[in-house]
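Trainee: The following block contains the structure, expressed as C-alpha cells.
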Amino acid sequence: MSPTPFNHNSSREPNFTSIFPINVHIRRATTLLSVTTALSMASLSVSAEDTNLVEVDSKTSSQPSTTTSPATSTLPSVTLEPIVVTSNPLSPQINEMATASSVISGEELNSQVNSTLGDALANEVGVSTDSFGQGASRPIIRGQSAPRVQVMQNGLSVQDASQISPDHQVSVPILGAKQVEIIKGTSALMYGGGAIGGVVNIVNDIIPSQPSEKNLSGKAALIGQQATDGYLGYAELNGNIGENWLWSGQYQRTDKGNIQAPHWDTDEIDNSWYTQDNGSIGLSYVTDLGYIGASYQRQTSEYGLPFHVHNQCAPASSQSNELVCQDDHDHDHSHDHGEAPYVDLTSDVYQLYAEQKVPMIGVDSIKTKLSYTDYRHDEFDEGAVGTTFANKALNAQIQATHATHRVGSLGFMKGVVGIDYTNSKFSAVGLEGYLPETERNQVGLFFIERLAPDYFGADIQNTDEPLSQSETSAHAGHDHSHSGLATDSDESLSTANILRKQGKSPWYIEFGGRQDFQDISDTENNVDKIHAGISVSLEGGKYLTPNTQLSARVSHSERLPSPQELFSAGAHLATNTWERGNGQLDEESTNGVELTLRYDNGDNFDGSISAFYNDSKNYIYAKTQDIITEGESAGFRLVDYAQSDAKHYGGEIQTRYHLNDYISIGSFADISLITLEDNSLIRKYAPRLVAPRVGGDITSQFGQFDLILSGYRRFEQDRIADFETNTPSYNMIDAKVVYHSASEHDYTAFIEANNILNELAYNHASYLVDKVPKPERSFNAGITYRF
C-alpha cells in the first residue's frame, strides 16, 4: 500500500492574542512562584555583592578557566577541563579519548526543565531523543537508540522496560546526578557489543565513596515550566556518622500538565501529563583503603499515553505481509475523560558497591558492584489494567585494575580486567502481551589496556574526586590565555616537553576486547536461543602540536539479538504496530572507524571535528511490511524484525571563539545516516532517522551573570524509510539568564525562554511525530540552593 501523507490537519494559523494566559491554577502558581523567588534572591544578592564579592585573580589562580554552557537551553554543553569520564575504568580525561564524548555536569542538569533522560540530553551534539510525550524519552546517539544505546547508572545497566518500547520510561532520576557521561560509538567495550550505538552513564553519589569535609551538606532545587504548567523539585542531604560512616538521601518530584503546543487545533495535547516521585538513601563505610556501601532507590511514575488506539487489525496469516482489519461497530474507540490510557510505574533498586585499594602486589584496586531491580508498570486502559510489564533483574560486575608498569622504552601501561553478569526475567501480560515471558542470562568478559610514554595519559590520582566549587564556577570574568596550553612564549620548547609541563602525554594507545555469552529462553513456549559475540577495539591519539591533537579508533563489535527482536508476536497499541519477531536472527557485527581532530590555541579559539563510518553485517531493524491508510485504524503498521547489511556514517563539529574575557561565540553541527542494503526496500534509509542540525550561541559573562542566546535549525528530514513521509524543518531559539551568588548564601538562579519563535516543531525520530509536537513558547525559571 502507498505511504500515508503527513498529517497537517491539526495545524492552524498562529494566535498571538496573548503570550501569558489569564487563568492561573496550582501548577502555574508554582511556576510563577519559582520565577518570583529567583528574581528576588538575585536582587538581594546583588545588593550584598558590594560588600561580599571576592575578586578572583584568574592570572594567578591554579584552577582552570571556565566557560558557561548553553546546553540547558538548546546547545551542547561546554564543560570544564579536566573532566574525568568514570564510565571508562581507567578514568581518562574527556580530551584523552578518541571517541567523541561529552559530560554534562550536575549543575547544568539542575538548570533545565526536563526530567526524562532523552529530553534532558537532546541538545548535546550528536544526541537526540525518541520522545513519546513527557513521560518517556530515550536518548538517540548518532541515529541509534535502544537496544543499541546502553543506559547505565554508576556503570551498571538500568533494568526496566525501556529497551523494548519508546513509550516505556527510562527509570533513572536525572536531577541530583553528579554528572551524565555520553560515550558515542562502538568503543565502550566494558558494556558489551550491545552498546554499538553508545553509552549514557548517569553518575551519582547515593553511595558515598569519598570522605566528606562537612558533617552535613545538601542542596535543594525548584524549577517551573510554563508550557506544561509544571514544576520539578529536588532535595539532597549528605552527612557523616563518626569518621568513617557516610550517608546520603535524595528526593525528586516532577508534576507536569498537558503539553501546550503552538498553532495546534486544541490548546494542549490531550493526555500528555506526567508525574514522578523518586527517593533514594545510601550508607557506606569509607577508609583510606576503600569502601563498602549500599543503597535503596524507589521510583513511582504516572504518565498519560497521548496516542493510543484500539483496532481489529492483524496479519492475514502468520506468513502474510498484509494487514486485514475487521469492522467492530460495537467498540467505542474514543476515550472519555478519566478513561484515557496511562502508565503507573514502580521501580525498586537495591545496590551494593565495594572497592578495595591495593589488595595485593601488582593490583591497584578491585571494584565490585551488585544491583537488583524489581520493576513493574501497569498500562491502564478505560479505567482498568490492560497490560502489566514486569522485570526482575540482577546485575553484577567485578573489575580489577592492575598497577602501572613500564613497558621497555615505550612508556607505561595501565589496564583493567573484568567480568559482568545479568539475569533478567521479563514478562508482559494482558491486552498488549505481545512478548512472551522470557529469561535472559548474559555473561561478559573484558579487558582494556592503555599505553602512554608518561603516566599522565591514564592518570588516576584524584580522578574520583568531584570538581570543587571554585573549579566549576568563577564568574568574575574569564581569562583564556592562562589555561596551561601552549603560547608563543613556549616556542623554544618541544611539543613533548610543553605537554609534560601541562600534565599530558604526547600520545597514547588504548586497546581491549570483550567476549559475550547470552542465553535467552521463551519460558512460555520452551524455546531457547544461545548467542555469543566478540568485540575488539584499538584507539590512539597524538598531539601534532601542543595545540592540536589527532585521534583515531578502529573497532569490531558484535551485538546479540534482544528478546523483543526474537520473540515479539502481537499488537503493540502504543506504537500503533503489530510486531513479529524472528527467531532465526544472527549476531549483528559492525566494523567501525572514527577520526577526531581537536584544536585549542590557548587564547581565544577551540574546536573539534569528528567523523565516523560503520559497516554492519546482519543489521537488525524494524521493517514495515504494510500500513493501514484509512478508517479509524489509519496508521497501524505491520512490523517484522529483519536483517540487512547496512552503512552508518556521519560526524559532528563544535567550535568556540572568545571575543574577549566576557563574550564568546559557539557553533555546532551534527549529521548521522544509516542506509540499508535490503533489495526489497524502495527507500534505503533506516526508519525514523534524526534530521541534520546546525546551531550556535552567543554567551556573555558579566560579574555573577551569564547571558546566553542560542539556537539551532533542524533541517527537513527527506531521507526517509518506506511508508514514512517528510518531516518539516524548524528553527529553535532560546534565551537564558543565570545568576551565581557571590554572597555567603550559595545558590544559582536562572530564567529562560524556550522556543521564542513559537514554532510548530516535529520530531521525526518519534513514533508520535505528527501527534505530539514540541511545546510552545515557554518561560521557565528555577533556583538551586547549596549548603
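How things are named: the first chain in the C-alpha cells is A, the next is B, and so on; residues count from 1 in each chain; ligands count from 1 in the order shown.
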Report the residues of segment 73-291 of chain A whose backbone DSSP state falls under strand (DSSP E), written as an MDAnalysis selection string.
Mentor: chainID A and resid 101:105 127:129 139:141 149:153 156:157 179:184 198:203 216:225 230:241 245:256 274:287 290:291
Trainee: For Gln250 of chain A, list every protein, DNA or RNA residue within 7 Å, evaluated using only C-alpha atoms, and leave out those in the same chain fewer than 6 positions away; present the list as a PyMOL selection string.
Mentor: chain A and resi 235-237+279-281
Trainee: Would you mind listing what lies within 8 Å of segment 623-628 of chain A as a PDB file with all heavy atoms, in the first residue's frame, with only C-alpha atoms counted and same-chain residues fewer than 4 positions away left out?
Mentor:
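What landed in part-v7.pdb:
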```pdb
ATOM      1  N   MET A   1       0.829  -1.188   0.000  1.00  0.00           N
ATOM      2  CA  MET A   1       0.000   0.000   0.000  1.00  0.00           C
ATOM      3  C   MET A   1       0.870   1.247   0.000  1.00  0.00           C
ATOM      4  O   MET A   1       1.994   1.223   0.468  1.00  0.00           O
ATOM      5  CB  MET A   1      -0.921   0.020   1.224  1.00  0.00           C
ATOM      6  CG  MET A   1      -1.922  -1.143   1.260  1.00  0.00           C
ATOM      7  SD  MET A   1      -3.020  -1.017   2.689  1.00  0.00           S
ATOM      8  CE  MET A   1      -4.023  -2.471   2.424  1.00  0.00           C
ATOM      9  N   PRO A   3       2.341   4.983   0.961  1.00  0.00           N
ATOM     10  CA  PRO A   3       2.562   5.638   2.242  1.00  0.00           C
ATOM     11  C   PRO A   3       1.457   6.644   2.529  1.00  0.00           C
ATOM     12  O   PRO A   3       0.910   7.280   1.630  1.00  0.00           O
ATOM     13  CB  PRO A   3       3.921   6.334   2.056  1.00  0.00           C
ATOM     14  CG  PRO A   3       4.555   5.607   0.931  1.00  0.00           C
ATOM     15  CD  PRO A   3       3.439   5.180   0.034  1.00  0.00           C
ATOM     16  N   ASN A 321       2.284 -10.673   4.684  1.00  0.00           N
ATOM     17  CA  ASN A 321       2.809  -9.328   4.862  1.00  0.00           C
ATOM     18  C   ASN A 321       1.732  -8.276   4.624  1.00  0.00           C
ATOM     19  O   ASN A 321       2.034  -7.128   4.323  1.00  0.00           O
ATOM     20  CB  ASN A 321       3.987  -9.081   3.922  1.00  0.00           C
ATOM     21  CG  ASN A 321       5.216  -9.874   4.322  1.00  0.00           C
ATOM     22  OD1 ASN A 321       5.378 -10.248   5.487  1.00  0.00           O
ATOM     23  ND2 ASN A 321       6.081 -10.161   3.359  1.00  0.00           N
ATOM     24  N   GLU A 322       0.478  -8.665   4.767  1.00  0.00           N
ATOM     25  CA  GLU A 322      -0.635  -7.747   4.553  1.00  0.00           C
ATOM     26  C   GLU A 322      -1.537  -7.749   5.775  1.00  0.00           C
ATOM     27  O   GLU A 322      -1.851  -8.798   6.350  1.00  0.00           O
ATOM     28  CB  GLU A 322      -1.430  -8.154   3.311  1.00  0.00           C
ATOM     29  CG  GLU A 322      -2.590  -7.213   3.000  1.00  0.00           C
ATOM     30  CD  GLU A 322      -3.331  -7.613   1.740  1.00  0.00           C
ATOM     31  OE1 GLU A 322      -2.865  -8.538   1.055  1.00  0.00           O
ATOM     32  OE2 GLU A 322      -4.366  -7.000   1.443  1.00  0.00           O
ATOM     33  N   LEU A 323      -1.953  -6.547   6.198  1.00  0.00           N
ATOM     34  CA  LEU A 323      -2.865  -6.400   7.317  1.00  0.00           C
ATOM     35  C   LEU A 323      -4.310  -6.495   6.848  1.00  0.00           C
ATOM     36  O   LEU A 323      -4.660  -6.014   5.773  1.00  0.00           O
ATOM     37  CB  LEU A 323      -2.645  -5.053   8.016  1.00  0.00           C
ATOM     38  CG  LEU A 323      -1.369  -4.909   8.856  1.00  0.00           C
ATOM     39  CD1 LEU A 323      -1.156  -3.450   9.233  1.00  0.00           C
ATOM     40  CD2 LEU A 323      -1.430  -5.782  10.110  1.00  0.00           C
ATOM     41  N   SER A 633      -8.425   2.902  11.976  1.00  0.00           N
ATOM     42  CA  SER A 633      -7.133   2.244  12.232  1.00  0.00           C
ATOM     43  C   SER A 633      -6.015   2.793  11.357  1.00  0.00           C
ATOM     44  O   SER A 633      -4.943   2.185  11.281  1.00  0.00           O
ATOM     45  CB  SER A 633      -7.261   0.730  12.010  1.00  0.00           C
ATOM     46  OG  SER A 633      -8.186   0.156  12.899  1.00  0.00           O
ATOM     47  N   ALA A 634      -6.246   3.933  10.709  1.00  0.00           N
ATOM     48  CA  ALA A 634      -5.238   4.507   9.813  1.00  0.00           C
ATOM     49  C   ALA A 634      -3.922   4.719  10.556  1.00  0.00           C
ATOM     50  O   ALA A 634      -3.895   5.229  11.677  1.00  0.00           O
ATOM     51  CB  ALA A 634      -5.736   5.821   9.238  1.00  0.00           C
ATOM     52  N   GLY A 635      -2.838   4.331   9.931  1.00  0.00           N
ATOM     53  CA  GLY A 635      -1.510   4.458  10.523  1.00  0.00           C
ATOM     54  C   GLY A 635      -1.014   3.203  11.196  1.00  0.00           C
ATOM     55  O   GLY A 635       0.173   3.113  11.546  1.00  0.00           O
ATOM     56  N   PHE A 636      -1.876   2.218  11.392  1.00  0.00           N
ATOM     57  CA  PHE A 636      -1.461   0.954  12.026  1.00  0.00           C
ATOM     58  C   PHE A 636      -0.541   0.189  11.086  1.00  0.00           C
ATOM     59  O   PHE A 636      -0.826   0.022   9.901  1.00  0.00           O
ATOM     60  CB  PHE A 636      -2.690   0.113  12.361  1.00  0.00           C
ATOM     61  CG  PHE A 636      -2.395  -1.081  13.217  1.00  0.00           C
ATOM     62  CD1 PHE A 636      -2.144  -0.943  14.568  1.00  0.00           C
ATOM     63  CD2 PHE A 636      -2.366  -2.362  12.671  1.00  0.00           C
ATOM     64  CE1 PHE A 636      -1.874  -2.053  15.366  1.00  0.00           C
ATOM     65  CE2 PHE A 636      -2.094  -3.478  13.450  1.00  0.00           C
ATOM     66  CZ  PHE A 636      -1.851  -3.310  14.804  1.00  0.00           C
ATOM     67  N   ARG A 637       0.609  -0.280  11.621  1.00  0.00           N
ATOM     68  CA  ARG A 637       1.653  -0.886  10.798  1.00  0.00           C
ATOM     69  C   ARG A 637       1.887  -2.347  11.159  1.00  0.00           C
ATOM     70  O   ARG A 637       1.739  -2.746  12.313  1.00  0.00           O
ATOM     71  CB  ARG A 637       2.986  -0.138  10.975  1.00  0.00           C
ATOM     72  CG  ARG A 637       2.982   1.303  10.533  1.00  0.00           C
ATOM     73  CD  ARG A 637       4.239   2.006  11.017  1.00  0.00           C
ATOM     74  NE  ARG A 637       4.287   3.386  10.592  1.00  0.00           N
ATOM     75  CZ  ARG A 637       5.045   3.859   9.611  1.00  0.00           C
ATOM     76  NH1 ARG A 637       5.850   3.027   8.951  1.00  0.00           N
ATOM     77  NH2 ARG A 637       5.038   5.134   9.285  1.00  0.00           N
ATOM     78  N   LEU A 638       2.282  -3.102  10.174  1.00  0.00           N
ATOM     79  CA  LEU A 638       2.796  -4.449  10.373  1.00  0.00           C
ATOM     80  C   LEU A 638       4.317  -4.374  10.300  1.00  0.00           C
ATOM     81  O   LEU A 638       4.878  -3.960   9.283  1.00  0.00           O
ATOM     82  CB  LEU A 638       2.257  -5.404   9.317  1.00  0.00           C
ATOM     83  CG  LEU A 638       2.860  -6.819   9.310  1.00  0.00           C
ATOM     84  CD1 LEU A 638       2.624  -7.528  10.632  1.00  0.00           C
ATOM     85  CD2 LEU A 638       2.307  -7.632   8.136  1.00  0.00           C
ATOM     86  N   VAL A 639       4.989  -4.762  11.388  1.00  0.00           N
ATOM     87  CA  VAL A 639       6.442  -4.610  11.501  1.00  0.00           C
ATOM     88  C   VAL A 639       7.077  -5.975  11.732  1.00  0.00           C
ATOM     89  O   VAL A 639       6.674  -6.711  12.640  1.00  0.00           O
ATOM     90  CB  VAL A 639       6.810  -3.652  12.648  1.00  0.00           C
ATOM     91  CG1 VAL A 639       8.307  -3.669  12.901  1.00  0.00           C
ATOM     92  CG2 VAL A 639       6.351  -2.235  12.326  1.00  0.00           C
ATOM     93  N   ASP A 640       8.058  -6.300  10.912  1.00  0.00           N
ATOM     94  CA  ASP A 640       8.865  -7.506  11.095  1.00  0.00           C
ATOM     95  C   ASP A 640      10.280  -7.108  11.497  1.00  0.00           C
ATOM     96  O   ASP A 640      10.834  -6.128  10.977  1.00  0.00           O
ATOM     97  CB  ASP A 640       8.942  -8.314   9.798  1.00  0.00           C
ATOM     98  CG  ASP A 640       7.688  -9.122   9.536  1.00  0.00           C
ATOM     99  OD1 ASP A 640       6.919  -9.332  10.492  1.00  0.00           O
ATOM    100  OD2 ASP A 640       7.476  -9.525   8.382  1.00  0.00           O
ATOM    101  N   TYR A 641      10.877  -7.864  12.403  1.00  0.00           N
ATOM    102  CA  TYR A 641      12.291  -7.662  12.709  1.00  0.00           C
ATOM    103  C   TYR A 641      13.103  -8.447  11.684  1.00  0.00           C
ATOM    104  O   TYR A 641      13.017  -9.674  11.606  1.00  0.00           O
ATOM    105  CB  TYR A 641      12.605  -8.085  14.138  1.00  0.00           C
ATOM    106  CG  TYR A 641      12.090  -7.077  15.131  1.00  0.00           C
ATOM    107  CD1 TYR A 641      10.884  -7.274  15.798  1.00  0.00           C
ATOM    108  CD2 TYR A 641      12.785  -5.895  15.366  1.00  0.00           C
ATOM    109  CE1 TYR A 641      10.400  -6.329  16.688  1.00  0.00           C
ATOM    110  CE2 TYR A 641      12.306  -4.944  16.251  1.00  0.00           C
ATOM    111  CZ  TYR A 641      11.114  -5.166  16.901  1.00  0.00           C
ATOM    112  OH  TYR A 641      10.627  -4.225  17.772  1.00  0.00           O
ATOM    113  N   ALA A 642      13.867  -7.715  10.879  1.00  0.00           N
ATOM    114  CA  ALA A 642      14.599  -8.300   9.758  1.00  0.00           C
ATOM    115  C   ALA A 642      16.078  -7.925   9.867  1.00  0.00           C
ATOM    116  O   ALA A 642      16.475  -7.105  10.696  1.00  0.00           O
ATOM    117  CB  ALA A 642      14.015  -7.802   8.433  1.00  0.00           C
ATOM    118  N   PRO A 687      14.523   3.396   9.400  1.00  0.00           N
ATOM    119  CA  PRO A 687      13.355   4.140   9.896  1.00  0.00           C
ATOM    120  C   PRO A 687      13.717   5.192  10.934  1.00  0.00           C
ATOM    121  O   PRO A 687      14.670   5.044  11.692  1.00  0.00           O
ATOM    122  CB  PRO A 687      12.487   3.037  10.533  1.00  0.00           C
ATOM    123  CG  PRO A 687      12.981   1.757   9.946  1.00  0.00           C
ATOM    124  CD  PRO A 687      14.434   1.957   9.680  1.00  0.00           C
ATOM    125  N   ASP A 722      10.682   3.441   3.834  1.00  0.00           N
ATOM    126  CA  ASP A 722       9.394   3.103   3.238  1.00  0.00           C
ATOM    127  C   ASP A 722       8.268   3.369   4.236  1.00  0.00           C
ATOM    128  O   ASP A 722       8.422   3.146   5.447  1.00  0.00           O
ATOM    129  CB  ASP A 722       9.372   1.631   2.832  1.00  0.00           C
ATOM    130  CG  ASP A 722      10.234   1.348   1.602  1.00  0.00           C
ATOM    131  OD1 ASP A 722      10.703   2.325   0.978  1.00  0.00           O
ATOM    132  OD2 ASP A 722      10.437   0.159   1.281  1.00  0.00           O
ATOM    133  N   PHE A 723       7.131   3.849   3.710  1.00  0.00           N
ATOM    134  CA  PHE A 723       5.932   4.151   4.490  1.00  0.00           C
ATOM    135  C   PHE A 723       6.105   5.352   5.409  1.00  0.00           C
ATOM    136  O   PHE A 723       5.246   5.602   6.255  1.00  0.00           O
ATOM    137  CB  PHE A 723       5.482   2.923   5.311  1.00  0.00           C
ATOM    138  CG  PHE A 723       5.180   1.712   4.480  1.00  0.00           C
ATOM    139  CD1 PHE A 723       6.130   0.715   4.321  1.00  0.00           C
ATOM    140  CD2 PHE A 723       3.954   1.564   3.845  1.00  0.00           C
ATOM    141  CE1 PHE A 723       5.859  -0.415   3.559  1.00  0.00           C
ATOM    142  CE2 PHE A 723       3.678   0.442   3.080  1.00  0.00           C
ATOM    143  CZ  PHE A 723       4.623  -0.544   2.922  1.00  0.00           C
TER     144      PHE A 723
END
```
Trainee: So what do you get for atom CA of Leu499 of chain A versus atom CA of Gln654 of chain A, distance-wise?
Mentor: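 According to the coordinates, atom CA of Leu499 of chain A and atom CA of Gln654 of chain A are separated by 23.1 Å.
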Trainee: Taking the backbone alone, and naming residues the way the document does, which bits of segment 365-579 of chain A are helix (DSSP H, G or I) by DSSP, as a list in words?
Mentor: Gln469, Ser470, Glu471, Thr472, Asp488, Ser489, Asp490, Thr495, Ala496, Asn497, Ile498, Leu499, Arg500, Lys501, Pro563, Gln564, Glu565, Leu566 and Phe567 of chain A
Trainee: In terms of the shortest atom-to-atom distance over only C-alpha atoms, which of A:Thr387, A:Thr784, A:Ser766, A:Asn525 is closest to Leu175 of chain A?
Mentor: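 Counting only C-alpha atoms, the residue closest to Leu175 of chain A is A:Thr784.
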Trainee: Could you state the separation of atom CA of Lys617 of chain A and atom CA of Ser589 of chain A in Å, given to one decimal place?
Mentor: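 Atom-to-atom, atom CA of Lys617 of chain A to atom CA of Ser589 of chain A, that is 5.3 Å.
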Trainee: As an exercise, work out the distance from atom CA of Gly383 of chain A to atom CA of Pro341 of chain A in Å and give it to one decimal place.
Mentor: 7.8 Å
Trainee: For Leu689 of chain A, which residue out of A:Asp615, A:Glu677, A:Asp267, A:Glu716 is the nearest one, using only C-alpha atoms?
Mentor: A:Glu716
Trainee: For each of A:Gly293, A:Lys684, A:Val737, A:Leu595, take the minimum atom-to-atom distance to Leu352 of chain A, counting only C-alpha atoms, then give the residue where this is smallest.
Mentor: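 Nearest to Leu352 of chain A: A:Gly293.
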Trainee: Using only C-alpha atoms, which residue out of A:Asp420, A:Asp586, A:Glu108, A:Glu439 lies closest to Ala120 of chain A?
Mentor: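 With only C-alpha atoms as the atom set, the closest residue is A:Glu108.
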Trainee: Can you tell me which residues surround Asn526 of chain A at a distance of at most 12 Å, considering only C-alpha atoms, apart from same-chain residues fewer than 2 positions away, and format the answer as a list in words?
Mentor: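 Near neighbours after the sequence-gap exclusion: Pro436, Glu437, Thr438, Glu439, Ile520, Ser521, Asp522, Thr523, Glu524, Asp528, Lys529 and Phe567 of chain A.
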Trainee: Can you tell me, as a PyMOL selection string, what residues are no more than 9 Å from Gln326 of chain A when counting only C-alpha atoms, ignoring any on the same chain fewer than 3 positions away?
Mentor: chain A and resi 311-314
Trainee: Residues at most 8 Å from Phe612 of chain A, counting only C-alpha atoms, excluding those fewer than 3 positions away in the same chain, as a list of chain:residue names?
Mentor: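 The filter keeps A:Gly592, A:Val593, A:Glu594, A:Leu595, A:Tyr649, A:Gly650, A:Gly651.
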Trainee: Keeping N, CA, C and O atoms for every residue in the selection just given, could you write it to a file as a CSV table (one decimal), in the first residue's frame?
Mentor:
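Here's the written file selection-v1.csv:
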```csv
chain,number,residue,atom,x,y,z
A,592,GLY,N,34.0,-0.6,12.5
A,592,GLY,CA,33.9,0.9,12.5
A,592,GLY,C,35.2,1.6,12.6
A,592,GLY,O,36.2,1.0,13.1
A,593,VAL,N,35.2,2.8,12.1
A,593,VAL,CA,36.4,3.7,12.2
A,593,VAL,C,35.9,5.1,12.6
A,593,VAL,O,34.8,5.5,12.1
A,594,GLU,N,36.7,5.8,13.4
A,594,GLU,CA,36.4,7.2,13.8
A,594,GLU,C,37.6,8.0,13.9
A,594,GLU,O,38.7,7.5,14.4
A,595,LEU,N,37.6,9.2,13.4
A,595,LEU,CA,38.7,10.2,13.5
A,595,LEU,C,38.2,11.4,14.2
A,595,LEU,O,37.1,11.9,13.9
A,649,TYR,N,27.1,6.3,8.9
A,649,TYR,CA,28.2,7.3,8.8
A,649,TYR,C,27.7,8.7,9.1
A,649,TYR,O,26.4,9.0,9.1
A,650,GLY,N,28.6,9.6,9.5
A,650,GLY,CA,28.2,10.9,9.8
A,650,GLY,C,29.4,11.6,10.6
A,650,GLY,O,30.5,11.2,10.5
A,651,GLY,N,29.0,12.7,11.3
A,651,GLY,CA,30.0,13.4,12.1
A,651,GLY,C,29.5,14.6,12.8
A,651,GLY,O,28.3,14.9,12.8
```
Trainee: Taking into account only C-alpha atoms, which residue in the set A:Ala622, A:Ile174, A:Ile609, A:Ile259 is nearest to Asp670 of chain A?
Mentor: A:Ile609
